[in-house]
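J.: Sharing a structure, written as structure tokens. Questions coming.
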Amino acid sequence: MSIALRYAARSDVGLVRSNNQDSAYAGPHLLVVADGMGGHAGGDVASSVAVAAFAPLDGESHGPDDALDELEHALDAARDEIVARTQADPELSGMGTTVTAILRAGNKLAMVHLGDSRGYLLRDGVLSQVTTDHTFVQHLVNTGKITPEEAEHHPQRSVVMRVLGDFDPDVAPDLSVREARPGDRWLLCSDGLSGFVSADTIAETLLGLSDVDVCADRLVQLALRAGGGDNVTVVVADVVELDDVPDGGGPTTAASVVGSAATSRHRPTSAADSPSARAATLAKKVAAAQAAGDADEHGDTAGLLPSAGAGTDEDDDTDEVDPRRRRRIRVIGWFLSLLLLAVLGVAGYLGYQWTQTQYFVGAEGGDVVIYRGIPQSLGPIALSTVAERGDARVDDLPPYVRERLDQNIQSDSLDDARHRVQLLEQSARENAATD
């Protein structure tokens, strides 16, 4: 039996982040997703370093017995490079990244996992998560303090306890080996997908779209339609039996690199038309228009206006025509300007109306509060206002919770936001009890 992988990799900056800190690699023998730590300097550098360290493994020279050792050596090499980078540039200190990687060796798949990116396996129509999140919330689930259902909406669900970085040289990854069965479909993804799209929807998409490229594109769009609050990266790979593939229909052997490790890392979001995409696009257009307006206001206009006395006798013959042409041009220009303003006005109104159906939890004046709207601005206009105040003070929260609160905690509804505030208040009480 001759096994191969048919794969696709996609990464998108999302609708909120200013840069893409995710990286991914997909090749005939290697699949990798790395999510640079948000809120820390150099997250994009860390994920790129991880992918660069693992990429040389994409070959046929690895046997099933040494595949795990090769993955561990690549992880150590990535850690050494991250440490070297931070020593050379102190501004990168504290950077880190998750790593979830699969190395194919014959009909075996060796996996290394560190962080809260995820690996899913779709086998016989059933989707299962084969990785365990290295997060504070997962620790609470493992110790029986909260249920898996409560973990899905816990405000600290993004607090990662194990990552690849320059600050914890002894962190241990999860290692495993599985059989590669024809018909299996694998999904590696950052929490930009798993944190915004339900497992049921992910399973439905993986089942319903047989083409790996189409499936990967759809998963990214689903995350963007859900708000796109984070970078989103996916790698979809099918295990195929080459003997069953028609001649010329075998999978590609070209590697795919996406995200911050790719040359296209500055590519804008691919978000399709949706309320969240329209709101984000409008905000960027307004910011660009304001920047252009500032340039026009302070820019040099020399050479743009005709100089006095530069006319000729021949020019005098056309002066009678030019005023009429100029009037027509001005009328058309005013009409197009008014039309553009009307379109922008309608788009702005619809986008603003959508923002007022969104909620997130943040801080204001030292208090934990619920905001209505989204954490963005249109020039001087803030798209969020304080809807309710909680009883918890930010200073009473544990440090890792305060860090999460600084990044704002997205909520599905007002009730969901209130539930998250209650959990924060509970964290504050527990923190006070341990002091």
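Chain identifiers are assigned as A, B, and so on, following the order in which chains appear in the structure tokens; residues are numbered from 1 within each chain, and ligands are numbered from 1 in order of appearance.
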What residues in region 45-222 of chain A get the DSSP label strand (DSSP E or B)? Please answer as number ranges by chain.
T.: A: 96-97, 99-105, 108-114, 118-123, 126-129, 135, 160, 164-165, 174-179, 185-189
J.: Residues at most 10 Å from Leu397 (chain A), counting only C-alpha atoms, excluding those fewer than 5 positions away in the same chain, as a PyMOL selection string?
T.: chain A and resi 368+392+402-403+405+424-432
J.: CA of Leu209 (chain A) to CA of Leu122 (chain A): how many Å, to one decimal?
T.: 12.5 Å
J.: Among region 56-253 of chain A, which ones does DSSP assign to alpha helix (DSSP H) (computed from the backbone)? Answer as a VMD selection string.
T.: chain A and resid 67 to 88 136 to 142 148 to 151 191 to 194 199 to 208 212 to 225
J.: With distances taken over only C-alpha atoms, which residue among A:Leu242, A:Ala46, A:Ala26, A:Val160 lies nearest Ala101 (chain A)?
T.: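 Once distances to Ala101 (chain A) are computed over only C-alpha atoms, the minimum belongs to A:Ala26.
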J.: Residues at most 12 Å from Ala84 (chain A), counting only C-alpha atoms, excluding those fewer than 4 positions away in the same chain, as JSON, numbers by chain?
T.: {"A": [46, 49, 77, 78, 79, 80, 88, 89, 90, 92, 93, 95, 165, 166]}
J.: Counting only C-alpha atoms, which residue out of A:Leu175, A:Gln129, A:Gln356, A:Glu364 sits closest to Glu70 (chain A)?
T.: A:Leu175
J.: At a cut-off of 7 Å, using only C-alpha atoms, what residues contact Pro173 (chain A)? Leave out same-chain residues fewer than 5 positions from it and give the result as a PyMOL selection string.
T.: chain A and resi 112-114
J.: With only C-alpha atoms as the counted atoms, please give the residues lying no more than 12 Å from Val141 (chain A), apart from itself and same-chain residues fewer than 4 positions off, as a list in words.
T.: Thr132, Asp133, His134, Thr135, Phe136, Val137, Lys145, Ile146, Thr147, Pro148, Glu149, Glu150, Ala151, Glu152, His154 and Arg157 of chain A
J.: Please dump the current selection as a CSV table (one decimal), in the first residue's frame; keep N, CA and C atoms.
T.:
chain,number,residue,atom,x,y,z
A,132,THR,N,-4.7,18.2,22.7
A,132,THR,CA,-5.2,18.7,23.9
A,132,THR,C,-4.6,20.2,24.1
A,133,ASP,N,-5.5,21.1,24.3
A,133,ASP,CA,-5.1,22.5,24.4
A,133,ASP,C,-4.3,22.7,25.7
A,134,HIS,N,-3.1,23.3,25.5
A,134,HIS,CA,-2.3,23.6,26.7
A,134,HIS,C,-2.6,25.0,27.2
A,135,THR,N,-3.8,25.1,27.8
A,135,THR,CA,-4.4,26.3,28.2
A,135,THR,C,-4.8,26.2,29.7
A,136,PHE,N,-5.0,27.4,30.3
A,136,PHE,CA,-5.4,27.4,31.7
A,136,PHE,C,-6.8,26.8,31.8
A,137,VAL,N,-7.7,27.1,30.9
A,137,VAL,CA,-9.0,26.6,30.9
A,137,VAL,C,-9.1,25.1,30.8
A,145,LYS,N,-12.9,21.4,37.6
A,145,LYS,CA,-13.4,22.6,38.1
A,145,LYS,C,-14.5,23.3,37.3
A,146,ILE,N,-14.4,23.0,36.0
A,146,ILE,CA,-15.4,23.5,35.0
A,146,ILE,C,-15.7,22.4,34.0
A,147,THR,N,-16.8,22.5,33.3
A,147,THR,CA,-17.2,21.5,32.3
A,147,THR,C,-16.7,22.0,31.0
A,148,PRO,N,-16.6,21.0,30.0
A,148,PRO,CA,-16.1,21.4,28.7
A,148,PRO,C,-17.0,22.5,28.0
A,149,GLU,N,-18.3,22.4,28.3
A,149,GLU,CA,-19.2,23.4,27.8
A,149,GLU,C,-18.9,24.8,28.4
A,150,GLU,N,-18.6,24.9,29.7
A,150,GLU,CA,-18.2,26.2,30.3
A,150,GLU,C,-16.9,26.7,29.8
A,151,ALA,N,-16.0,25.8,29.4
A,151,ALA,CA,-14.7,26.1,28.9
A,151,ALA,C,-14.8,26.9,27.6
A,152,GLU,N,-15.9,26.6,26.8
A,152,GLU,CA,-16.0,27.2,25.5
A,152,GLU,C,-16.2,28.7,25.6
A,154,HIS,N,-15.3,30.5,28.6
A,154,HIS,CA,-14.6,31.0,29.7
A,154,HIS,C,-13.7,32.2,29.2
A,157,ARG,N,-10.0,31.4,28.2
A,157,ARG,CA,-9.8,30.3,27.4
A,157,ARG,C,-8.6,30.4,26.4
J.: Excluding region 61-65 of chain A and residues on its chain fewer than 5 positions from it, collect all residues at most 7 Å away from it, counting only C-alpha atoms, and give them as a short mmCIF file (atom, residue, chain, number, x, y, z; two decimals) with N, CA and C atoms, in the first residue's frame.
T.:
data_model
loop_
_atom_site.label_atom_id
_atom_site.label_comp_id
_atom_site.auth_asym_id
_atom_site.auth_seq_id
_atom_site.Cartn_x
_atom_site.Cartn_y
_atom_site.Cartn_z
N ALA A 105 5.81 9.36 7.81
CA ALA A 105 6.91 8.42 7.58
C ALA A 105 6.28 7.09 7.16
N GLY A 106 6.27 6.84 5.85
CA GLY A 106 5.58 5.66 5.34
C GLY A 106 4.09 5.78 5.58
N LYS A 108 2.81 5.90 8.61
CA LYS A 108 2.67 6.40 9.97
C LYS A 108 2.73 7.92 9.97
#
J.: One decimal, in Å: what's the spacing between CA of His419 (chain A) and CA of Leu15 (chain A)?
T.: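 Result for CA of His419 (chain A) versus CA of Leu15 (chain A): 25.1 Å, one decimal.
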J.: Using only C-alpha atoms, find the one residue out of A:Ala172, A:Ile3, A:Leu140, A:Leu224 that sits nearest to Leu75 (chain A).
T.: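 For Leu75 (chain A), the nearest of the candidates is A:Ala172.
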J.: I'd like the neighbourhood of Tyr25 (chain A) as a PDB file with C-alpha atoms, in the first residue's frame, where a residue qualifies if any of its atoms comes within 10 Å (using only C-alpha atoms), though same-chain residues fewer than 3 positions away should be ignored.
T.:
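Wrote selection12.pdb, looks like this:
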ATOM      1  CA  ALA A   8      -4.020  22.770   1.082  1.00  0.00           C
ATOM      2  CA  ALA A   9      -2.908  25.596   3.405  1.00  0.00           C
ATOM      3  CA  ARG A  10      -4.546  28.976   3.918  1.00  0.00           C
ATOM      4  CA  LEU A  30       5.023  17.582   6.556  1.00  0.00           C
ATOM      5  CA  LEU A  31       2.116  19.677   7.867  1.00  0.00           C
ATOM      6  CA  VAL A  32       2.725  22.539  10.350  1.00  0.00           C
ATOM      7  CA  VAL A  33       0.635  25.296  11.943  1.00  0.00           C
ATOM      8  CA  ALA A  34       2.269  27.871  14.243  1.00  0.00           C
ATOM      9  CA  SER A  48       8.149  32.021  11.041  1.00  0.00           C
ATOM     10  CA  VAL A  51       8.096  26.835  10.279  1.00  0.00           C
ATOM     11  CA  ALA A  52      11.648  27.393   9.010  1.00  0.00           C
ATOM     12  CA  PHE A  54      10.482  22.183  10.587  1.00  0.00           C
ATOM     13  CA  ALA A  55      10.469  22.689   6.798  1.00  0.00           C
ATOM     14  CA  ASP A  58       9.679  17.476   4.369  1.00  0.00           C
ATOM     15  CA  ALA A 101       3.072  19.464  13.269  1.00  0.00           C
ATOM     16  CA  VAL A 234      -5.849  26.120   8.363  1.00  0.00           C
ATOM     17  CA  VAL A 235      -4.145  23.125   6.784  1.00  0.00           C
ATOM     18  CA  ALA A 255       5.095  22.769  -0.742  1.00  0.00           C
ATOM     19  CA  SER A 256       2.781  25.578   0.375  1.00  0.00           C
ATOM     20  CA  VAL A 257       3.898  28.241   2.873  1.00  0.00           C
ATOM     21  CA  VAL A 258       1.341  30.745   4.184  1.00  0.00           C
ATOM     22  CA  GLY A 259       1.054  33.407   6.860  1.00  0.00           C
ATOM     23  CA  ALA A 261       6.496  32.912   6.989  1.00  0.00           C
ATOM     24  CA  ALA A 262       5.360  33.513   3.388  1.00  0.00           C
TER      25      ALA A 262
END
J.: May I ask for the distance between CA of Arg17 (chain A) and CA of Gly228 (chain A), given in Å to one decimal place?
T.: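 The value is 8.7 Å.
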J.: Kindly provide the residues of region 171-193 of chain A that approach region 199-204 of chain A to within 12 Å, each paired with its closest atom pair and their distance in Å to one decimal, based on only C-alpha atoms, listed by chain and increasing number, as a tab-separated table.
T.:
residue	atom	partner	partner_atom	distance
A:Arg185	CA	A:Ala203	CA	10.6
A:Trp186	CA	A:Ala203	CA	11.1
A:Leu187	CA	A:Ile202	CA	9.5
A:Leu188	CA	A:Ile202	CA	11.6
A:Cys189	CA	A:Ile202	CA	10.9
A:Asp191	CA	A:Ala199	CA	12.0
A:Leu193	CA	A:Ile202	CA	8.8
J.: Using only C-alpha atoms, can you tell me which of A:Glu72, A:Asp391, A:Asp230, A:Asp416 comes closest to His153 (chain A)?
T.: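 Looking only at the distances to His153 (chain A), the closest residue turns out to be A:Asp416.
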J.: Between A:Asp35, A:Glu81, A:Asp76, A:Asp244, single out the one closest to Pro182 (chain A), counting only C-alpha atoms.
T.: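 Looking only at the distances to Pro182 (chain A), the closest residue turns out to be A:Asp244.
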